[in-house]
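To keep things clear, I will list the structure first and then write my remarks on it.
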Amino acid sequence: MVTGWFTGEGEGFRLLGTRCSACASVFFPREDVLCRNPGCPGGDLREVPLSRRGRVWSYTDGRYRPPSPYVSDPELPWEPYALIAVELAEERLVVLGQAVPGVTVADLTVGMEVEVVPGVLNEDAETTWTTWHWRPTGVGA
Amino acid sequence: MTGEVAVLGTGMHPWGKWGRSFVEYGTAAARAALDDAGVDWRDVGSVVGADTVRGGYPGYVAGATFAKALGWQGARVTSVYAACASGAQAVGTARAQILAGLADVVLVVGADSAPKGFFRPAGGDRADDPDWLRFRILGATNPTYFGLYARRRMAMHGDTPEDFARVKVKNSALGALNPYARYRKRVTAEEVAASAVVADPLRLLDICATSDGGAALVLSSMEFARRHGVAEPVRIRAVSTVTPRYPNTVLDLPDIATDSAVAVAPPEETFRASIARAAYEEAGVGPEDLSFAEVYDLSTALELQWYEDLGLCGEGGAAKLLRDGGTAPGGRIPVNASGGLASFGEAVPAQAIAQVCELVWQLRGEAGDRQIEGARVGISANQGLFGHGSAVVAVR
């Protein structure tokens, strides 16, 4: 449903942002039209992979089923997942994402290292919607 | 001061889940405000409506909707949308019209009929809308952001869930004294702790509900107030409606990521702090001059954040200020004497106007059992989705 936000598989999986050629600002989700730095004369916005690892800025979860347009099977009991806001040191920005399945808030602390991995957002008979997940480093797949 | 406008009238429809149209709530509030002001609706030169997009198509034209309901009389009309800051932008618009000489008397109205449960984006596949994206890709409801802020405070400042519960205990005790509040029952810390977790670490009673409600103000020039026989009205001295400054490095509703600080150093103050500073600068007052404050407590933890952003205490000092009773009635700086959103719930376009109603009642000495003695200067603070800041300073 969103194109060009991530790429690659396995260890090569990366979030994709854009970087302004004039001022070096990085944007995620990607900004393809105009650099948003108000002091920037304006440059080309070029696709750039983001750091694979970052540190937890904060985290929470959703104990109640989110409303549409989030897709979940109303026939199944709601299984909460954790959401992690991750600070990427090199890009100096914070990116929110779902934790990998099985990681709960009890497994997380602010400041711990996590890495980005591919994940499944939802799927039906025809389509699998892929996404990014955050996973504490040192945890196997 | 030349920048001041008078508050001639206040009006509110009680908050609740009444199941009626937002037009009804807004019109009731408007009539009450006109009565309070002693102004005939036909003498109002301009009506400014705070929009709701929750009430369907008529909400997009709130000003005219209320003008029609009150009876077309030819007034200038404006509708503003700024999410939770809509009400403050309506006040700001009315004030600008008065100060520019475009109208002597302006009616400001906001009202909403809120949906049950979580707020959600409008329908359709809208991948260019950050509000749609955060639901579709992350399932990130408003409370999940509140949970992120709460957890961050715990990690950075040592706040505890018990501190958060203290906010609810304080606000519910005040809401119990407010006839317009939806929840009029005192809540104990044990009841907060026993309520279900919604977004860790926040529980149901840490998070404000969605509500129906309406609020209205009649504002005028100081000259009109004098001619109208009101020699010393409560005055609005500042309306802050600022945007963030790049790079905004605090993750905020409804965004999936922050700006990057790689090219430009982040501003020294956060967006929320800049909202208050702009109001203070415009009003020529500082936090030390305040008698009380009304802040947007979407969650208990967020109220603590506002203490610091308003300069009521230093960074990280909010929980101590609360524990010491500093923000309770009789404390150094009472916060949310109205009961806050904890007691009202959210009726989005009405709430920032309702905050100003409370400022006025307190400054007039008309707040009944929740009156703050000797109130002279009050601030309301609020923040709307998509980068809308708002704060209002009122004085007597």
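Please note that chains go A, B, ... in the order of the structure tokens, that every chain numbers its residues from 1, and that ligands are numbered from 1 in the order shown.
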Checklist entry - Counting only C-alpha atoms, which residues from chain A have an atom at most 6 Å from any atom of chain B, and could you show them as a list of chain:residue names? => result A:Ala24, A:Ser25, A:Val26, A:Ser58, A:Tyr59, A:Thr60, A:Asp61, A:Gly62, A:Arg63, A:Pro66, A:Pro69, A:Tyr70, A:Glu91, A:Arg92, A:Leu93, A:Val94, A:Val95, A:Leu96
Suppose we keep N, CA and C atoms; can you now write the selection as a compact mmCIF listing (two decimals), in the first residue's frame?
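Listing of part04.txt after writing:
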# COMPACT_ATOMS: atom_id res chain seq x y z
N ALA A 24 21.40 17.81 3.11
CA ALA A 24 21.65 16.50 3.71
C ALA A 24 20.58 16.05 4.69
N SER A 25 19.46 16.78 4.81
CA SER A 25 18.35 16.32 5.66
C SER A 25 17.83 14.99 5.14
N VAL A 26 17.45 14.14 6.08
CA VAL A 26 16.93 12.82 5.73
C VAL A 26 15.43 12.79 6.06
N SER A 58 11.05 4.94 22.96
CA SER A 58 9.95 4.58 23.86
C SER A 58 9.20 3.40 23.24
N TYR A 59 8.26 2.86 23.99
CA TYR A 59 7.50 1.73 23.47
C TYR A 59 6.17 1.64 24.22
N THR A 60 5.23 0.95 23.60
CA THR A 60 3.92 0.74 24.21
C THR A 60 3.28 -0.43 23.49
N ASP A 61 2.00 -0.63 23.73
CA ASP A 61 1.27 -1.65 22.97
C ASP A 61 -0.19 -1.24 22.84
N GLY A 62 -0.97 -2.03 22.16
CA GLY A 62 -2.39 -1.74 21.97
C GLY A 62 -3.21 -2.92 22.45
N ARG A 63 -3.80 -2.78 23.63
CA ARG A 63 -4.51 -3.94 24.21
C ARG A 63 -5.92 -4.09 23.64
N PRO A 66 -7.30 -2.10 17.17
CA PRO A 66 -7.40 -0.80 16.50
C PRO A 66 -8.52 -0.82 15.47
N PRO A 69 -8.53 1.83 9.33
CA PRO A 69 -8.10 0.91 8.29
C PRO A 69 -7.08 -0.16 8.72
N TYR A 70 -6.78 -0.30 10.02
CA TYR A 70 -5.95 -1.44 10.41
C TYR A 70 -6.73 -2.71 10.09
N GLU A 91 20.98 9.10 11.40
CA GLU A 91 20.00 9.98 10.74
C GLU A 91 19.39 10.98 11.70
N ARG A 92 19.57 10.75 13.01
CA ARG A 92 19.01 11.60 14.06
C ARG A 92 17.50 11.80 13.87
N LEU A 93 16.83 10.68 13.72
CA LEU A 93 15.37 10.72 13.70
C LEU A 93 14.82 9.48 14.39
N VAL A 94 13.53 9.54 14.73
CA VAL A 94 12.86 8.46 15.46
C VAL A 94 11.82 7.84 14.54
N VAL A 95 11.84 6.53 14.40
CA VAL A 95 10.90 5.82 13.53
C VAL A 95 10.08 4.83 14.35
N LEU A 96 8.77 4.94 14.21
CA LEU A 96 7.85 4.06 14.93
C LEU A 96 7.59 2.81 14.09
As a short mmCIF file (atom, residue, chain, number, x, y, z; two decimals) with N, CA and C atoms, in the first residue's frame, please: every residue in region 42-99 of chain B that a backbone DSSP assignment puts in alpha helix (DSSP H).
data_model
loop_
_atom_site.label_atom_id
_atom_site.label_comp_id
_atom_site.auth_asym_id
_atom_site.auth_seq_id
_atom_site.Cartn_x
_atom_site.Cartn_y
_atom_site.Cartn_z
N ALA B 62 -19.10 24.64 9.87
CA ALA B 62 -19.64 24.81 11.21
C ALA B 62 -20.20 26.21 11.46
N GLY B 63 -19.48 27.25 11.05
CA GLY B 63 -19.93 28.61 11.34
C GLY B 63 -21.31 28.86 10.78
N ALA B 64 -21.51 28.53 9.52
CA ALA B 64 -22.80 28.76 8.88
C ALA B 64 -23.87 27.83 9.44
N THR B 65 -23.45 26.63 9.83
CA THR B 65 -24.42 25.70 10.41
C THR B 65 -25.04 26.27 11.69
N PHE B 66 -24.19 26.83 12.53
CA PHE B 66 -24.70 27.44 13.76
C PHE B 66 -25.49 28.71 13.46
N ALA B 67 -25.03 29.49 12.49
CA ALA B 67 -25.74 30.72 12.14
C ALA B 67 -27.14 30.41 11.62
N LYS B 68 -27.25 29.33 10.83
CA LYS B 68 -28.57 28.95 10.33
C LYS B 68 -29.46 28.49 11.47
N ALA B 69 -28.88 27.68 12.38
CA ALA B 69 -29.68 27.16 13.49
C ALA B 69 -30.17 28.29 14.40
N LEU B 70 -29.36 29.32 14.56
CA LEU B 70 -29.75 30.45 15.41
C LEU B 70 -30.68 31.40 14.67
N SER B 86 -8.89 23.52 17.13
CA SER B 86 -9.90 24.27 16.37
C SER B 86 -10.54 25.38 17.20
N GLY B 87 -10.88 25.07 18.42
CA GLY B 87 -11.55 26.05 19.28
C GLY B 87 -10.69 27.27 19.52
N ALA B 88 -9.41 27.04 19.77
CA ALA B 88 -8.51 28.17 20.02
C ALA B 88 -8.30 28.97 18.74
N GLN B 89 -8.26 28.29 17.60
CA GLN B 89 -8.13 29.04 16.33
C GLN B 89 -9.39 29.85 16.06
N ALA B 90 -10.54 29.34 16.49
CA ALA B 90 -11.77 30.11 16.35
C ALA B 90 -11.71 31.36 17.23
N VAL B 91 -11.22 31.20 18.45
CA VAL B 91 -11.05 32.36 19.34
C VAL B 91 -10.05 33.34 18.72
N GLY B 92 -8.96 32.80 18.17
CA GLY B 92 -7.95 33.65 17.56
C GLY B 92 -8.49 34.41 16.36
N THR B 93 -9.31 33.75 15.57
CA THR B 93 -9.92 34.40 14.40
C THR B 93 -10.87 35.51 14.83
N ALA B 94 -11.69 35.21 15.83
CA ALA B 94 -12.64 36.21 16.34
C ALA B 94 -11.88 37.42 16.86
N ARG B 95 -10.83 37.16 17.60
CA ARG B 95 -10.03 38.25 18.18
C ARG B 95 -9.41 39.11 17.08
N ALA B 96 -8.88 38.44 16.05
CA ALA B 96 -8.26 39.19 14.96
C ALA B 96 -9.29 40.07 14.25
N GLN B 97 -10.49 39.56 14.07
CA GLN B 97 -11.54 40.34 13.41
C GLN B 97 -11.90 41.56 14.26
N ILE B 98 -11.98 41.36 15.57
CA ILE B 98 -12.32 42.48 16.46
C ILE B 98 -11.21 43.52 16.44
N LEU B 99 -9.96 43.07 16.58
CA LEU B 99 -8.84 44.01 16.63
C LEU B 99 -8.65 44.72 15.30
#
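CA of Gly38 (chain B) lies 20.2 Å from CA of Glu4 (chain B).
CA of Val192 (chain B) is found 28.3 Å from CA of Gln362 (chain B).
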Item to check | Spatial neighbours of Arg323 (chain B), max dist 12 Å, only C-alpha atoms, sep filter under 6 positions, as a count of residues only | outcome: 13
Checklist entry - What residues in region 43-118 of chain A get the DSSP label strand (DSSP E)? Please answer as a PyMOL selection string. => result chain A and resi 45-49+53-61+82-88+93-99+113-118
Just the selected residues (C-alpha atoms), exported as an mmCIF file, in the first residue's frame, please.
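As written to disk, again26.cif reads:
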data_model
loop_
_atom_site.group_PDB
_atom_site.id
_atom_site.type_symbol
_atom_site.label_atom_id
_atom_site.label_comp_id
_atom_site.auth_asym_id
_atom_site.auth_seq_id
_atom_site.Cartn_x
_atom_site.Cartn_y
_atom_site.Cartn_z
ATOM 1 C CA LEU A 45 15.778 14.229 -2.948
ATOM 2 C CA ARG A 46 17.608 10.946 -3.427
ATOM 3 C CA GLU A 47 16.667 7.569 -2.048
ATOM 4 C CA VAL A 48 18.852 6.416 0.816
ATOM 5 C CA PRO A 49 18.746 3.284 2.982
ATOM 6 C CA ARG A 53 19.991 -0.565 13.994
ATOM 7 C CA GLY A 54 18.839 2.013 16.512
ATOM 8 C CA ARG A 55 17.916 2.441 20.160
ATOM 9 C CA VAL A 56 14.486 2.349 21.758
ATOM 10 C CA TRP A 57 13.169 5.904 22.353
ATOM 11 C CA SER A 58 9.955 4.579 23.863
ATOM 12 C CA TYR A 59 7.498 1.728 23.474
ATOM 13 C CA THR A 60 3.921 0.744 24.214
ATOM 14 C CA ASP A 61 1.271 -1.648 22.971
ATOM 15 C CA ALA A 82 4.194 -3.905 20.905
ATOM 16 C CA LEU A 83 4.966 -0.654 19.099
ATOM 17 C CA ILE A 84 8.514 0.653 19.343
ATOM 18 C CA ALA A 85 9.793 4.155 18.585
ATOM 19 C CA VAL A 86 13.420 3.804 17.562
ATOM 20 C CA GLU A 87 16.069 6.504 17.501
ATOM 21 C CA LEU A 88 18.483 6.158 14.570
ATOM 22 C CA LEU A 93 15.369 10.720 13.702
ATOM 23 C CA VAL A 94 12.864 8.458 15.459
ATOM 24 C CA VAL A 95 10.897 5.825 13.528
ATOM 25 C CA LEU A 96 7.853 4.056 14.929
ATOM 26 C CA GLY A 97 7.172 0.450 14.030
ATOM 27 C CA GLN A 98 5.636 -2.774 15.258
ATOM 28 C CA ALA A 99 7.792 -5.163 17.231
ATOM 29 C CA GLU A 113 19.313 -1.754 20.758
ATOM 30 C CA VAL A 114 16.928 -3.023 18.110
ATOM 31 C CA GLU A 115 17.263 -3.844 14.427
ATOM 32 C CA VAL A 116 14.890 -3.648 11.515
ATOM 33 C CA VAL A 117 13.642 -6.887 9.965
ATOM 34 C CA PRO A 118 11.013 -7.702 7.341
#
Next on the checklist: Give me, as a VMD selection string, all polymer residues having an atom no more than 10 Å from Pro244 (chain B), counting only C-alpha atoms and skipping those fewer than 2 positions away in the same chain.
Outcome noted: chain B and resid 242 246 to 249 267 270 to 275 386 to 389
Can I get the selected residues back with N, CA, C and O atoms, as a PDB file, in the first residue's frame?
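Here's the written file out-v8.pdb:
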ATOM      1  N   VAL B 242       0.668  28.656  17.190  1.00  0.00           N
ATOM      2  CA  VAL B 242       1.924  28.450  16.464  1.00  0.00           C
ATOM      3  C   VAL B 242       2.060  27.038  15.884  1.00  0.00           C
ATOM      4  O   VAL B 242       1.384  26.105  16.318  1.00  0.00           O
ATOM      5  N   TYR B 246      11.195  23.323  12.510  1.00  0.00           N
ATOM      6  CA  TYR B 246      12.012  22.233  11.974  1.00  0.00           C
ATOM      7  C   TYR B 246      13.388  22.235  12.640  1.00  0.00           C
ATOM      8  O   TYR B 246      13.981  23.307  12.767  1.00  0.00           O
ATOM      9  N   PRO B 247      13.941  21.114  12.978  1.00  0.00           N
ATOM     10  CA  PRO B 247      13.322  19.793  12.936  1.00  0.00           C
ATOM     11  C   PRO B 247      12.575  19.471  14.241  1.00  0.00           C
ATOM     12  O   PRO B 247      13.112  19.621  15.323  1.00  0.00           O
ATOM     13  N   ASN B 248      11.326  19.039  14.074  1.00  0.00           N
ATOM     14  CA  ASN B 248      10.526  18.633  15.233  1.00  0.00           C
ATOM     15  C   ASN B 248      10.975  17.212  15.606  1.00  0.00           C
ATOM     16  O   ASN B 248      10.707  16.262  14.884  1.00  0.00           O
ATOM     17  N   THR B 249      11.664  17.093  16.724  1.00  0.00           N
ATOM     18  CA  THR B 249      12.334  15.826  17.038  1.00  0.00           C
ATOM     19  C   THR B 249      11.607  15.002  18.098  1.00  0.00           C
ATOM     20  O   THR B 249      12.156  14.024  18.594  1.00  0.00           O
ATOM     21  N   PRO B 267      15.491  22.785  17.725  1.00  0.00           N
ATOM     22  CA  PRO B 267      15.291  23.988  18.534  1.00  0.00           C
ATOM     23  C   PRO B 267      15.491  23.673  20.016  1.00  0.00           C
ATOM     24  O   PRO B 267      15.343  22.522  20.438  1.00  0.00           O
ATOM     25  N   THR B 270      10.881  22.421  22.957  1.00  0.00           N
ATOM     26  CA  THR B 270      10.002  21.533  22.206  1.00  0.00           C
ATOM     27  C   THR B 270       8.816  22.317  21.646  1.00  0.00           C
ATOM     28  O   THR B 270       8.578  23.465  22.027  1.00  0.00           O
ATOM     29  N   PHE B 271       8.075  21.678  20.772  1.00  0.00           N
ATOM     30  CA  PHE B 271       6.890  22.330  20.191  1.00  0.00           C
ATOM     31  C   PHE B 271       5.919  22.761  21.286  1.00  0.00           C
ATOM     32  O   PHE B 271       5.465  23.905  21.323  1.00  0.00           O
ATOM     33  N   ARG B 272       5.611  21.839  22.196  1.00  0.00           N
ATOM     34  CA  ARG B 272       4.630  22.179  23.237  1.00  0.00           C
ATOM     35  C   ARG B 272       5.106  23.368  24.072  1.00  0.00           C
ATOM     36  O   ARG B 272       4.328  24.260  24.413  1.00  0.00           O
ATOM     37  N   ALA B 273       6.397  23.399  24.392  1.00  0.00           N
ATOM     38  CA  ALA B 273       6.915  24.531  25.166  1.00  0.00           C
ATOM     39  C   ALA B 273       6.812  25.825  24.363  1.00  0.00           C
ATOM     40  O   ALA B 273       6.550  26.897  24.922  1.00  0.00           O
ATOM     41  N   SER B 274       6.990  25.747  23.045  1.00  0.00           N
ATOM     42  CA  SER B 274       6.921  26.962  22.224  1.00  0.00           C
ATOM     43  C   SER B 274       5.494  27.502  22.155  1.00  0.00           C
ATOM     44  O   SER B 274       5.293  28.707  21.998  1.00  0.00           O
ATOM     45  N   ILE B 275       4.517  26.611  22.278  1.00  0.00           N
ATOM     46  CA  ILE B 275       3.108  27.052  22.294  1.00  0.00           C
ATOM     47  C   ILE B 275       2.885  27.989  23.480  1.00  0.00           C
ATOM     48  O   ILE B 275       2.312  29.073  23.350  1.00  0.00           O
ATOM     49  N   PHE B 386      -1.552  17.266  13.512  1.00  0.00           N
ATOM     50  CA  PHE B 386      -0.941  17.845  12.315  1.00  0.00           C
ATOM     51  C   PHE B 386      -0.200  19.149  12.586  1.00  0.00           C
ATOM     52  O   PHE B 386      -0.031  19.965  11.685  1.00  0.00           O
ATOM     53  N   GLY B 387       0.238  19.385  13.843  1.00  0.00           N
ATOM     54  CA  GLY B 387       1.070  20.552  14.093  1.00  0.00           C
ATOM     55  C   GLY B 387       0.322  21.838  14.370  1.00  0.00           C
ATOM     56  O   GLY B 387       0.749  22.901  13.940  1.00  0.00           O
ATOM     57  N   HIS B 388      -0.789  21.765  15.090  1.00  0.00           N
ATOM     58  CA  HIS B 388      -1.507  22.966  15.502  1.00  0.00           C
ATOM     59  C   HIS B 388      -1.280  23.187  17.000  1.00  0.00           C
ATOM     60  O   HIS B 388      -1.678  22.360  17.809  1.00  0.00           O
ATOM     61  N   GLY B 389      -0.670  24.308  17.334  1.00  0.00           N
ATOM     62  CA  GLY B 389      -0.493  24.630  18.746  1.00  0.00           C
ATOM     63  C   GLY B 389      -1.522  25.647  19.191  1.00  0.00           C
ATOM     64  O   GLY B 389      -1.988  26.433  18.388  1.00  0.00           O
TER      65      GLY B 389
END
Checklist entry - CA of Leu341 (chain B) to CA of Cys208 (chain B): how many Å, to one decimal? => result 5.8 Å
Next on the checklist: Excluding Ser72 (chain A) and its own-chain neighbours fewer than 6 positions away, which residues fall within 10 Å of it when counting only C-alpha atoms? Please give them as number ranges by chain.
Outcome noted: A: 65-66, 78-79, 121-123; B: 139
Output file for the residues above (N, CA and C atoms, as a PDB file, in the first residue's frame):
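The resulting file, selection.pdb, is shown below:
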ATOM      1  N   ARG A  65      -8.328  -3.804  20.063  1.00  0.00           N
ATOM      2  CA  ARG A  65      -8.198  -3.900  18.612  1.00  0.00           C
ATOM      3  C   ARG A  65      -8.295  -2.506  17.983  1.00  0.00           C
ATOM      4  N   PRO A  66      -7.300  -2.103  17.175  1.00  0.00           N
ATOM      5  CA  PRO A  66      -7.399  -0.800  16.504  1.00  0.00           C
ATOM      6  C   PRO A  66      -8.518  -0.822  15.471  1.00  0.00           C
ATOM      7  N   TRP A  78      -8.257 -10.763  19.880  1.00  0.00           N
ATOM      8  CA  TRP A  78      -7.239  -9.744  19.635  1.00  0.00           C
ATOM      9  C   TRP A  78      -5.943 -10.108  20.348  1.00  0.00           C
ATOM     10  N   GLU A  79      -4.854 -10.113  19.601  1.00  0.00           N
ATOM     11  CA  GLU A  79      -3.530 -10.382  20.168  1.00  0.00           C
ATOM     12  C   GLU A  79      -2.721  -9.089  20.123  1.00  0.00           C
ATOM     13  N   LEU A 121       2.420  -7.652   7.610  1.00  0.00           N
ATOM     14  CA  LEU A 121       1.394  -6.817   8.237  1.00  0.00           C
ATOM     15  C   LEU A 121       0.069  -7.559   8.279  1.00  0.00           C
ATOM     16  N   ASN A 122      -0.354  -8.044   7.126  1.00  0.00           N
ATOM     17  CA  ASN A 122      -1.540  -8.903   7.064  1.00  0.00           C
ATOM     18  C   ASN A 122      -1.556  -9.594   5.711  1.00  0.00           C
ATOM     19  N   GLU A 123      -2.382 -10.615   5.616  1.00  0.00           N
ATOM     20  CA  GLU A 123      -2.449 -11.323   4.337  1.00  0.00           C
ATOM     21  C   GLU A 123      -3.844 -11.872   4.121  1.00  0.00           C
TER      22      GLU A 123
ATOM     23  N   GLY B 139      -1.463   0.342  13.121  1.00  0.00           N
ATOM     24  CA  GLY B 139      -2.544   0.204  14.096  1.00  0.00           C
ATOM     25  C   GLY B 139      -2.332   1.125  15.282  1.00  0.00           C
TER      26      GLY B 139
END
